[in-house]
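Note: the block below is data.pdb and it holds PDB, C-alpha atoms.
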```pdb
ATOM      1  CA  MET X  97     -19.512 -56.142 -17.863
ATOM      2  CA  ASP X  98     -21.733 -55.808 -20.910
ATOM      3  CA  ARG X  99     -21.105 -53.434 -23.765
ATOM      4  CA  GLU X 100     -23.930 -51.021 -22.915
ATOM      5  CA  THR X 101     -22.765 -50.581 -19.325
ATOM      6  CA  THR X 102     -19.259 -49.911 -20.532
ATOM      7  CA  LYS X 103     -20.512 -47.349 -23.003
ATOM      8  CA  ASP X 104     -22.599 -45.606 -20.342
ATOM      9  CA  LEU X 105     -19.645 -45.466 -18.007
ATOM     10  CA  LEU X 106     -17.391 -44.055 -20.664
ATOM     11  CA  THR X 107     -19.855 -41.356 -21.636
ATOM     12  CA  ALA X 108     -20.340 -40.528 -17.951
ATOM     13  CA  VAL X 109     -16.650 -39.719 -17.623
ATOM     14  CA  PRO X 110     -15.897 -35.983 -17.553
ATOM     15  CA  LYS X 111     -14.819 -34.608 -20.905
ATOM     16  CA  GLY X 112     -11.168 -33.824 -21.232
ATOM     17  CA  THR X 113      -9.978 -36.347 -18.667
ATOM     18  CA  GLU X 114     -10.620 -40.071 -18.701
ATOM     19  CA  GLY X 115     -12.870 -40.266 -21.740
ATOM     20  CA  GLN X 116      -9.928 -39.883 -24.073
ATOM     21  CA  ILE X 117      -7.160 -41.336 -21.980
ATOM     22  CA  MET X 118      -6.433 -44.580 -23.829
ATOM     23  CA  SER X 119      -6.594 -43.360 -27.419
ATOM     24  CA  GLY X 120      -4.836 -40.155 -26.385
ATOM     25  CA  LEU X 121      -1.907 -41.952 -24.737
ATOM     26  CA  PRO X 122       0.362 -43.326 -27.459
ATOM     27  CA  HIS X 123       1.969 -46.084 -25.374
ATOM     28  CA  CYS X 124      -1.400 -47.391 -24.136
ATOM     29  CA  ARG X 125      -2.778 -47.301 -27.667
ATOM     30  CA  ALA X 126       0.273 -49.194 -28.979
ATOM     31  CA  MET X 127      -0.198 -51.903 -26.331
ATOM     32  CA  GLY X 128      -3.941 -52.164 -27.031
ATOM     33  CA  MET X 129      -5.166 -51.142 -23.567
ATOM     34  CA  GLU X 130      -8.885 -50.407 -23.175
ATOM     35  CA  LEU X 131     -10.484 -48.256 -20.507
ATOM     36  CA  LEU X 132     -13.641 -49.988 -19.267
ATOM     37  CA  GLU X 133     -14.526 -47.704 -16.389
ATOM     38  CA  SER X 134     -13.212 -44.789 -14.395
ATOM     39  CA  ALA X 135     -15.028 -42.718 -11.813
ATOM     40  CA  ASP X 136     -14.751 -41.669  -8.168
ATOM     41  CA  GLY X 137     -11.156 -42.770  -7.727
ATOM     42  CA  ARG X 138     -11.623 -46.203  -9.288
ATOM     43  CA  ALA X 139     -10.653 -47.494 -12.706
ATOM     44  CA  VAL X 140     -10.956 -50.725 -14.672
ATOM     45  CA  LEU X 141      -8.764 -51.450 -17.683
ATOM     46  CA  ARG X 142      -8.472 -54.376 -20.062
ATOM     47  CA  LEU X 143      -5.378 -55.547 -21.883
ATOM     48  CA  PRO X 144      -6.153 -58.077 -24.639
ATOM     49  CA  TYR X 145      -3.577 -60.819 -25.122
ATOM     50  CA  SER X 146      -1.250 -60.052 -27.979
ATOM     51  CA  LYS X 147       1.782 -61.856 -29.369
ATOM     52  CA  MET X 148       3.827 -58.638 -29.376
ATOM     53  CA  LEU X 149       3.622 -58.534 -25.563
ATOM     54  CA  ILE X 150       5.200 -61.982 -25.080
ATOM     55  CA  GLY X 151       8.099 -61.921 -22.629
ATOM     56  CA  ASP X 152       8.807 -65.653 -22.512
ATOM     57  CA  PRO X 153       8.881 -67.128 -26.023
ATOM     58  CA  LYS X 154       8.964 -70.687 -24.613
ATOM     59  CA  THR X 155       5.583 -70.379 -22.886
ATOM     60  CA  GLY X 156       3.894 -67.440 -24.641
ATOM     61  CA  VAL X 157       3.394 -65.694 -21.282
ATOM     62  CA  ILE X 158       3.298 -61.895 -21.626
ATOM     63  CA  SER X 159       6.133 -59.886 -20.126
ATOM     64  CA  GLY X 160       5.973 -58.683 -16.536
ATOM     65  CA  GLY X 161       6.814 -55.307 -18.053
ATOM     66  CA  ALA X 162       3.472 -55.236 -19.880
ATOM     67  CA  VAL X 163       1.693 -56.001 -16.594
ATOM     68  CA  THR X 164       3.648 -53.149 -14.974
ATOM     69  CA  ALA X 165       2.571 -50.743 -17.731
ATOM     70  CA  LEU X 166      -1.067 -51.858 -17.372
ATOM     71  CA  LEU X 167      -1.086 -51.447 -13.571
ATOM     72  CA  ASP X 168       0.662 -48.059 -13.755
ATOM     73  CA  THR X 169      -1.899 -46.806 -16.287
ATOM     74  CA  CYS X 170      -4.802 -48.197 -14.269
ATOM     75  CA  CYS X 171      -3.545 -46.451 -11.108
ATOM     76  CA  GLY X 172      -3.091 -43.197 -13.042
ATOM     77  CA  SER X 173      -6.639 -43.448 -14.450
ATOM     78  CA  ALA X 174      -8.069 -44.003 -10.962
ATOM     79  CA  VAL X 175      -6.141 -40.971  -9.682
ATOM     80  CA  MET X 176      -7.408 -38.733 -12.496
ATOM     81  CA  SER X 177     -11.003 -39.714 -11.683
ATOM     82  CA  SER X 178     -10.595 -39.075  -7.945
ATOM     83  CA  GLY X 179     -11.758 -35.480  -7.978
ATOM     84  CA  PRO X 180     -12.395 -32.379 -10.047
ATOM     85  CA  GLY X 181      -9.688 -29.890 -10.871
ATOM     86  CA  LEU X 182      -6.844 -32.292 -11.502
ATOM     87  CA  GLN X 183      -4.628 -31.233 -14.353
ATOM     88  CA  SER X 184      -2.407 -34.275 -14.545
ATOM     89  CA  THR X 185      -0.656 -36.835 -12.401
ATOM     90  CA  ALA X 186       2.693 -38.596 -12.371
ATOM     91  CA  THR X 187       3.822 -41.777 -10.658
ATOM     92  CA  LEU X 188       6.126 -41.202  -7.688
ATOM     93  CA  ASP X 189       6.615 -44.855  -6.906
ATOM     94  CA  LEU X 190       4.994 -48.146  -7.695
ATOM     95  CA  ARG X 191       5.564 -51.527  -6.086
ATOM     96  CA  ILE X 192       4.439 -54.602  -7.965
ATOM     97  CA  ASP X 193       4.089 -58.129  -6.609
ATOM     98  CA  TYR X 194       3.896 -60.898  -9.192
ATOM     99  CA  MET X 195       1.738 -63.684  -7.821
ATOM    100  CA  ARG X 196       1.399 -66.026 -10.779
ATOM    101  CA  PRO X 197       2.284 -65.883 -14.466
ATOM    102  CA  ALA X 198      -0.396 -64.478 -16.750
ATOM    103  CA  THR X 199      -2.191 -67.149 -18.808
ATOM    104  CA  PRO X 200      -1.446 -67.009 -22.541
ATOM    105  CA  GLU X 201      -4.375 -66.065 -24.815
ATOM    106  CA  LEU X 202      -6.457 -64.541 -21.978
ATOM    107  CA  PRO X 203      -7.040 -60.797 -21.600
ATOM    108  CA  LEU X 204      -5.899 -59.176 -18.367
ATOM    109  CA  ILE X 205      -8.245 -57.035 -16.308
ATOM    110  CA  ALA X 206      -6.778 -54.386 -14.024
ATOM    111  CA  THR X 207      -8.673 -52.601 -11.272
ATOM    112  CA  ALA X 208      -7.305 -49.697  -9.243
ATOM    113  CA  GLU X 209      -8.599 -47.773  -6.272
ATOM    114  CA  VAL X 210      -7.437 -44.518  -4.722
ATOM    115  CA  TYR X 211      -7.690 -45.034  -0.973
ATOM    116  CA  ARG X 212      -6.341 -41.718   0.226
ATOM    117  CA  VAL X 213      -5.953 -38.423  -1.557
ATOM    118  CA  THR X 214      -4.442 -35.198  -0.261
ATOM    119  CA  ARG X 215      -3.917 -31.898  -2.067
ATOM    120  CA  THR X 216      -0.646 -33.152  -3.562
ATOM    121  CA  ILE X 217      -0.537 -36.956  -3.279
ATOM    122  CA  ALA X 218      -2.840 -39.892  -4.048
ATOM    123  CA  PHE X 219      -2.238 -43.364  -2.632
ATOM    124  CA  VAL X 220      -3.461 -46.141  -4.900
ATOM    125  CA  ARG X 221      -3.659 -49.921  -4.972
ATOM    126  CA  ALA X 222      -4.357 -52.122  -7.955
ATOM    127  CA  LEU X 223      -4.842 -55.715  -9.033
ATOM    128  CA  ALA X 224      -4.382 -57.521 -12.352
ATOM    129  CA  HIS X 225      -6.269 -60.772 -13.002
ATOM    130  CA  HIS X 226      -8.074 -62.887 -15.602
ATOM    131  CA  ASP X 227     -11.683 -62.126 -14.582
ATOM    132  CA  ASP X 228     -11.209 -63.648 -11.109
ATOM    133  CA  PRO X 229      -9.851 -61.156  -8.546
ATOM    134  CA  ASN X 230      -9.319 -64.076  -6.140
ATOM    135  CA  LYS X 231      -6.599 -65.378  -8.445
ATOM    136  CA  PRO X 232      -4.489 -62.255  -8.999
ATOM    137  CA  VAL X 233      -1.660 -62.254 -11.518
ATOM    138  CA  ALA X 234      -0.128 -59.197  -9.870
ATOM    139  CA  SER X 235      -0.902 -56.499  -7.346
ATOM    140  CA  ALA X 236       0.461 -52.987  -7.065
ATOM    141  CA  ALA X 237       0.627 -50.138  -4.585
ATOM    142  CA  GLY X 238       1.812 -46.676  -5.456
ATOM    143  CA  ALA X 239       1.928 -42.984  -4.691
ATOM    144  CA  PHE X 240       1.061 -40.424  -7.343
ATOM    145  CA  ILE X 241       1.755 -36.706  -7.335
ATOM    146  CA  LEU X 242      -1.125 -34.450  -8.359
ATOM    147  CA  GLU X 243      -0.924 -31.383 -10.566
ATOM    148  CA  ARG X 244      -3.642 -28.851  -9.905
ATOM    149  CA  PRO X 245      -4.090 -25.570 -11.753
ATOM    150  CA  ALA X 246      -2.520 -22.587  -9.930
ATOM    151  CA  LYS X 247      -5.085 -20.597  -7.919
TER     152      LYS X 247
ATOM    153  CA  MET L  49      31.552 -72.939 -29.139
ATOM    154  CA  SER L  50      30.190 -70.663 -26.501
ATOM    155  CA  LEU L  51      28.670 -67.366 -27.550
ATOM    156  CA  THR L  52      29.763 -63.995 -26.233
ATOM    157  CA  LYS L  53      27.515 -62.166 -23.820
ATOM    158  CA  GLN L  54      26.713 -59.681 -26.611
ATOM    159  CA  GLU L  55      25.614 -62.484 -28.944
ATOM    160  CA  LEU L  56      23.452 -63.999 -26.216
ATOM    161  CA  ALA L  57      21.874 -60.615 -25.469
ATOM    162  CA  ASN L  58      21.147 -60.141 -29.189
ATOM    163  CA  ARG L  59      19.536 -63.559 -29.289
ATOM    164  CA  ILE L  60      17.247 -62.691 -26.372
ATOM    165  CA  VAL L  61      16.162 -59.503 -28.176
ATOM    166  CA  GLU L  62      15.509 -61.344 -31.453
ATOM    167  CA  GLN L  63      13.413 -64.044 -29.816
ATOM    168  CA  THR L  64      11.389 -61.969 -27.346
ATOM    169  CA  PRO L  65       8.477 -60.121 -28.989
ATOM    170  CA  TYR L  66       7.995 -57.616 -26.135
ATOM    171  CA  LEU L  67      11.630 -56.465 -26.419
ATOM    172  CA  THR L  68      11.150 -55.939 -30.146
ATOM    173  CA  PHE L  69       7.892 -54.094 -29.444
ATOM    174  CA  LEU L  70       9.657 -51.672 -27.091
ATOM    175  CA  GLY L  71      12.742 -51.502 -29.340
ATOM    176  CA  ILE L  72      15.151 -52.482 -26.541
ATOM    177  CA  ARG L  73      18.706 -53.562 -27.365
ATOM    178  CA  PHE L  74      21.785 -54.318 -25.263
ATOM    179  CA  GLU L  75      25.438 -53.393 -25.386
ATOM    180  CA  CYS L  76      28.046 -55.408 -23.515
ATOM    181  CA  HIS L  77      31.359 -53.846 -22.575
ATOM    182  CA  GLY L  78      33.579 -55.973 -20.382
ATOM    183  CA  ASP L  79      31.317 -57.465 -17.750
ATOM    184  CA  GLU L  80      28.851 -54.574 -17.946
ATOM    185  CA  LEU L  81      25.512 -54.818 -19.722
ATOM    186  CA  THR L  82      23.837 -51.575 -20.800
ATOM    187  CA  ALA L  83      20.236 -51.678 -21.977
ATOM    188  CA  ILE L  84      19.119 -49.092 -24.513
ATOM    189  CA  LEU L  85      15.546 -47.946 -25.113
ATOM    190  CA  PRO L  86      15.625 -45.816 -28.284
ATOM    191  CA  PHE L  87      12.976 -43.111 -28.308
ATOM    192  CA  SER L  88       9.817 -43.808 -30.270
ATOM    193  CA  GLU L  89       6.454 -42.008 -30.370
ATOM    194  CA  ASP L  90       4.822 -45.218 -29.125
ATOM    195  CA  LEU L  91       6.587 -44.835 -25.752
ATOM    196  CA  ILE L  92       4.910 -41.512 -24.958
ATOM    197  CA  GLY L  93       2.528 -41.546 -22.009
ATOM    198  CA  ASN L  94       1.613 -37.898 -21.736
ATOM    199  CA  PRO L  95       1.552 -36.260 -25.177
ATOM    200  CA  PHE L  96       1.098 -32.754 -23.719
ATOM    201  CA  LEU L  97       4.456 -32.584 -21.913
ATOM    202  CA  PRO L  98       5.553 -34.839 -23.757
ATOM    203  CA  ALA L  99       6.916 -37.500 -21.392
ATOM    204  CA  LEU L 100       7.719 -41.195 -21.606
ATOM    205  CA  HIS L 101       5.029 -43.491 -20.189
ATOM    206  CA  GLY L 102       5.949 -44.511 -16.642
ATOM    207  CA  GLY L 103       4.864 -48.038 -17.488
ATOM    208  CA  ALA L 104       7.326 -48.187 -20.385
ATOM    209  CA  THR L 105      10.133 -46.916 -18.148
ATOM    210  CA  GLY L 106       9.175 -49.458 -15.482
ATOM    211  CA  ALA L 107       9.088 -52.272 -18.027
ATOM    212  CA  PHE L 108      12.506 -51.187 -19.312
ATOM    213  CA  LEU L 109      13.983 -51.346 -15.789
ATOM    214  CA  GLU L 110      12.468 -54.765 -15.170
ATOM    215  CA  ILE L 111      13.759 -56.168 -18.471
ATOM    216  CA  THR L 112      17.232 -54.768 -17.782
ATOM    217  CA  ALA L 113      17.317 -56.523 -14.404
ATOM    218  CA  LEU L 114      15.963 -59.828 -15.785
ATOM    219  CA  THR L 115      18.397 -59.875 -18.715
ATOM    220  CA  ASP L 116      21.393 -58.918 -16.574
ATOM    221  CA  LEU L 117      20.544 -61.751 -14.204
ATOM    222  CA  ALA L 118      19.842 -64.280 -16.983
ATOM    223  CA  LEU L 119      23.228 -63.576 -18.576
ATOM    224  CA  VAL L 120      25.441 -63.304 -15.524
ATOM    225  CA  ASP L 121      26.508 -66.933 -15.271
ATOM    226  CA  TRP L 122      25.164 -68.293 -18.547
ATOM    227  CA  GLN L 123      27.713 -69.908 -20.825
ATOM    228  CA  GLY L 124      25.349 -70.595 -23.721
ATOM    229  CA  GLU L 125      24.221 -73.994 -24.900
ATOM    230  CA  GLY L 126      23.349 -74.599 -28.531
ATOM    231  CA  GLU L 127      20.483 -72.499 -29.814
ATOM    232  CA  ALA L 128      18.740 -72.183 -26.473
ATOM    233  CA  LEU L 129      17.914 -68.939 -24.693
ATOM    234  CA  PRO L 130      19.209 -68.712 -21.138
ATOM    235  CA  PRO L 131      16.525 -69.818 -18.651
ATOM    236  CA  GLN L 132      14.551 -66.808 -17.435
ATOM    237  CA  PRO L 133      14.453 -65.668 -13.828
ATOM    238  CA  LYS L 134      10.982 -64.615 -12.645
ATOM    239  CA  THR L 135      10.147 -61.320 -11.008
ATOM    240  CA  ILE L 136       8.836 -61.780  -7.468
ATOM    241  CA  ASP L 137       8.451 -58.085  -6.739
ATOM    242  CA  LEU L 138       9.693 -54.791  -8.092
ATOM    243  CA  THR L 139       9.570 -51.286  -6.616
ATOM    244  CA  ILE L 140      10.046 -48.414  -9.025
ATOM    245  CA  ASP L 141      10.889 -44.848  -8.004
ATOM    246  CA  TYR L 142      10.198 -42.223 -10.622
ATOM    247  CA  LEU L 143      12.741 -39.455 -10.155
ATOM    248  CA  ARG L 144      12.317 -37.210 -13.188
ATOM    249  CA  ALA L 145       9.965 -37.068 -16.167
ATOM    250  CA  GLY L 146      11.357 -39.117 -19.046
ATOM    251  CA  LYS L 147      12.037 -36.819 -21.991
ATOM    252  CA  PRO L 148      11.302 -37.858 -25.575
ATOM    253  CA  GLN L 149      14.865 -39.141 -25.971
ATOM    254  CA  ASP L 150      16.800 -42.399 -25.830
ATOM    255  CA  CYS L 151      17.034 -44.015 -22.414
ATOM    256  CA  TYR L 152      19.748 -46.235 -20.904
ATOM    257  CA  ALA L 153      19.779 -48.596 -17.933
ATOM    258  CA  ARG L 154      22.160 -50.747 -15.957
ATOM    259  CA  ALA L 155      21.476 -53.275 -13.236
ATOM    260  CA  ARG L 156      23.561 -54.305 -10.257
ATOM    261  CA  ILE L 157      23.181 -57.616  -8.503
ATOM    262  CA  LEU L 158      23.280 -56.892  -4.770
ATOM    263  CA  ARG L 159      22.894 -60.502  -3.760
ATOM    264  CA  LYS L 160      22.484 -63.732  -5.666
ATOM    265  CA  GLY L 161      21.511 -66.612  -3.416
ATOM    266  CA  ARG L 162      20.499 -70.142  -4.270
ATOM    267  CA  ARG L 163      16.866 -69.325  -4.994
ATOM    268  CA  VAL L 164      16.497 -65.570  -5.019
ATOM    269  CA  ALA L 165      18.511 -62.636  -6.321
ATOM    270  CA  ASN L 166      18.138 -58.995  -5.329
ATOM    271  CA  LEU L 167      18.900 -56.352  -7.941
ATOM    272  CA  ARG L 168      18.995 -52.589  -8.208
ATOM    273  CA  VAL L 169      18.596 -50.926 -11.566
ATOM    274  CA  GLU L 170      18.773 -47.332 -12.770
ATOM    275  CA  ALA L 171      17.655 -45.609 -15.964
ATOM    276  CA  TRP L 172      19.000 -42.310 -17.252
ATOM    277  CA  GLN L 173      19.004 -40.156 -20.372
ATOM    278  CA  GLU L 174      21.633 -37.428 -20.945
ATOM    279  CA  GLU L 175      23.522 -37.851 -17.688
ATOM    280  CA  ARG L 176      24.042 -41.010 -15.752
ATOM    281  CA  SER L 177      24.249 -38.976 -12.529
ATOM    282  CA  ARG L 178      20.680 -37.713 -13.144
ATOM    283  CA  PRO L 179      18.627 -40.927 -13.271
ATOM    284  CA  ILE L 180      14.992 -40.672 -14.414
ATOM    285  CA  ALA L 181      13.973 -43.821 -12.527
ATOM    286  CA  SER L 182      15.425 -46.464 -10.261
ATOM    287  CA  ALA L 183      14.055 -49.797  -9.134
ATOM    288  CA  HIS L 184      14.891 -52.631  -6.798
ATOM    289  CA  GLY L 185      13.415 -56.067  -6.794
ATOM    290  CA  ASN L 186      13.617 -59.730  -5.926
ATOM    291  CA  PHE L 187      13.832 -62.363  -8.638
ATOM    292  CA  LEU L 188      13.299 -66.111  -8.443
ATOM    293  CA  LEU L 189      16.223 -67.891 -10.085
ATOM    294  CA  PRO L 190      15.562 -70.524 -12.754
ATOM    295  CA  GLY L 191      15.587 -74.017 -11.329
ATOM    296  CA  ALA L 192      14.874 -72.799  -7.797
ATOM    297  CA  VAL L 193      13.078 -75.284  -5.540
ATOM    298  CA  GLY L 194       9.312 -74.886  -5.691
ATOM    299  CA  GLU L 195       9.308 -73.112  -9.022
TER     300      GLU L 195
END
```
When written as structure tokens, how does the structure in this file appear?
Amino acid sequence: MDRETTKDLLTAVPKGTEGQIMSGLPHCRAMGMELLESADGRAVLRLPYSKMLIGDPKTGVISGGAVTALLDTCCGSAVMSSGPGLQSTATLDLRIDYMRPATPELPLIATAEVYRVTRTIAFVRALAHHDDPNKPVASAAGAFILERPAK
Amino acid sequence: MSLTKQELANRIVEQTPYLTFLGIRFECHGDELTAILPFSEDLIGNPFLPALHGGATGAFLEITALTDLALVDWQGEGEALPPQPKTIDLTIDYLRAGKPQDCYARARILRKGRRVANLRVEAWQEERSRPIASAHGNFLLPGAVGE
């Protein structure tokens, strides 16, 4: 995705929700996560490779924990973009399958999609990969609880 | 001379950047390993509540399980780190919002086979009987066939 498209998508995001999510979330900021896109129950995030995220010092592969944090955030971003009137969301559960180790030095891309949303719960699936969704590093499926303002 | 479990756990922390990044340390008492995640502003997910980031809690559970498993039968050889198991899958249940406080976790090995181990792990804050998150997962053991 080119820079202009990314910028357009970010400015298209409703104010007060996704537009500020990464810089406004201390843990995501500390990890260096970037929000590339979020709208209509879908989100795309990028996690640049960084030495501080290394989980296996012998190989330089980033920790599975960092992939978990990325996928959780990506799912949460997709949920928050799934409809108007959402105040916040919290993860109920998240299952992660690790398919292959991440490649050192490469950024990870995460995509998430809400595939069913009720008044209280959103069901989400997500994928983490290095620019080729056919070679996933990890996949995730989760349920998120929705907070809506009291009527 | 073989190192104690505590010394081995300290060595893992010193040599693994992501553990340093999160601030995780371990305490060994008897055969029990407790992981500690001291509170830091960088662990906050939702600054309005404020609550710990679910991803940080999940990562903490996963690291607790991996380290517990890596250390269980490891006697220590020279300067080397114990070989790392690999996560196959992990399911995390978020039970309560993580408060801006220190967090603790312990893992239990339910089964350790030849190739795969199954673990359950829980994280809590003030009271162990009120966990903030629990997880269970399968882990590929180092040296397993096909690795």
Proximity to chain L - best of X:Ala239, X:Ala139, X:Ile217, X:Ala206, all atoms listed in the file: X:Ala239
Distance query 12 Å from (3.4, -57.3, -15.2) using only C-alpha atoms, result as an MDAnalysis selection string: (chainID X and resid 143 149:151 157:169 190:199 204:206 222:225 232:236) or (chainID L and resid 66 103:104 106:108 110:111 134:138)
Picked residues, the PyMOL selection byres ((chain L) within 10 of (chain X)), as a PyMOL selection string: chain L and resi 60+63-70+88-96+100-111+129+131-132+134-145+181-186
Residues matched by the PyMOL selection byres ((chain L and resi 86) around 8) as a PyMOL selection string: chain L and resi 71-72+84-85+87-88+149-151
Residues matched by the PyMOL selection byres ((chain X and resi 214) around 12), written as a VMD selection string: chain X and resid 175 178 to 179 182 210 to 213 215 to 220 239 to 244
All residues 7 Å or closer to L:Asn166, all atoms listed in the file, same chain fewer than 6 positions away omitted, as a PyMOL selection string: chain L and resi 157-160+185-187
Give me the residues near L:Thr112 as a short mmCIF file (atom, residue, chain, number, x, y, z; two decimals) with C-alpha atoms, keeping the file's coordinate frame, where near means some atom within 8 Å (using only C-alpha atoms) and where sequence neighbours in that chain fewer than 6 positions away do not count.
```cif
data_model
loop_
_atom_site.label_atom_id
_atom_site.label_comp_id
_atom_site.auth_asym_id
_atom_site.auth_seq_id
_atom_site.Cartn_x
_atom_site.Cartn_y
_atom_site.Cartn_z
CA THR L 82 23.84 -51.58 -20.80
CA ALA L 83 20.24 -51.68 -21.98
CA ALA L 153 19.78 -48.60 -17.93
CA ARG L 154 22.16 -50.75 -15.96
CA ALA L 155 21.48 -53.28 -13.24
CA VAL L 169 18.60 -50.93 -11.57
#
```
Between atom CA of L:Asn58 and atom CA of L:Gly78 - distance in Å to one decimal: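 Interatomic distance, atom CA of L:Gly78 to atom CA of L:Asn58: 15.8 Å.
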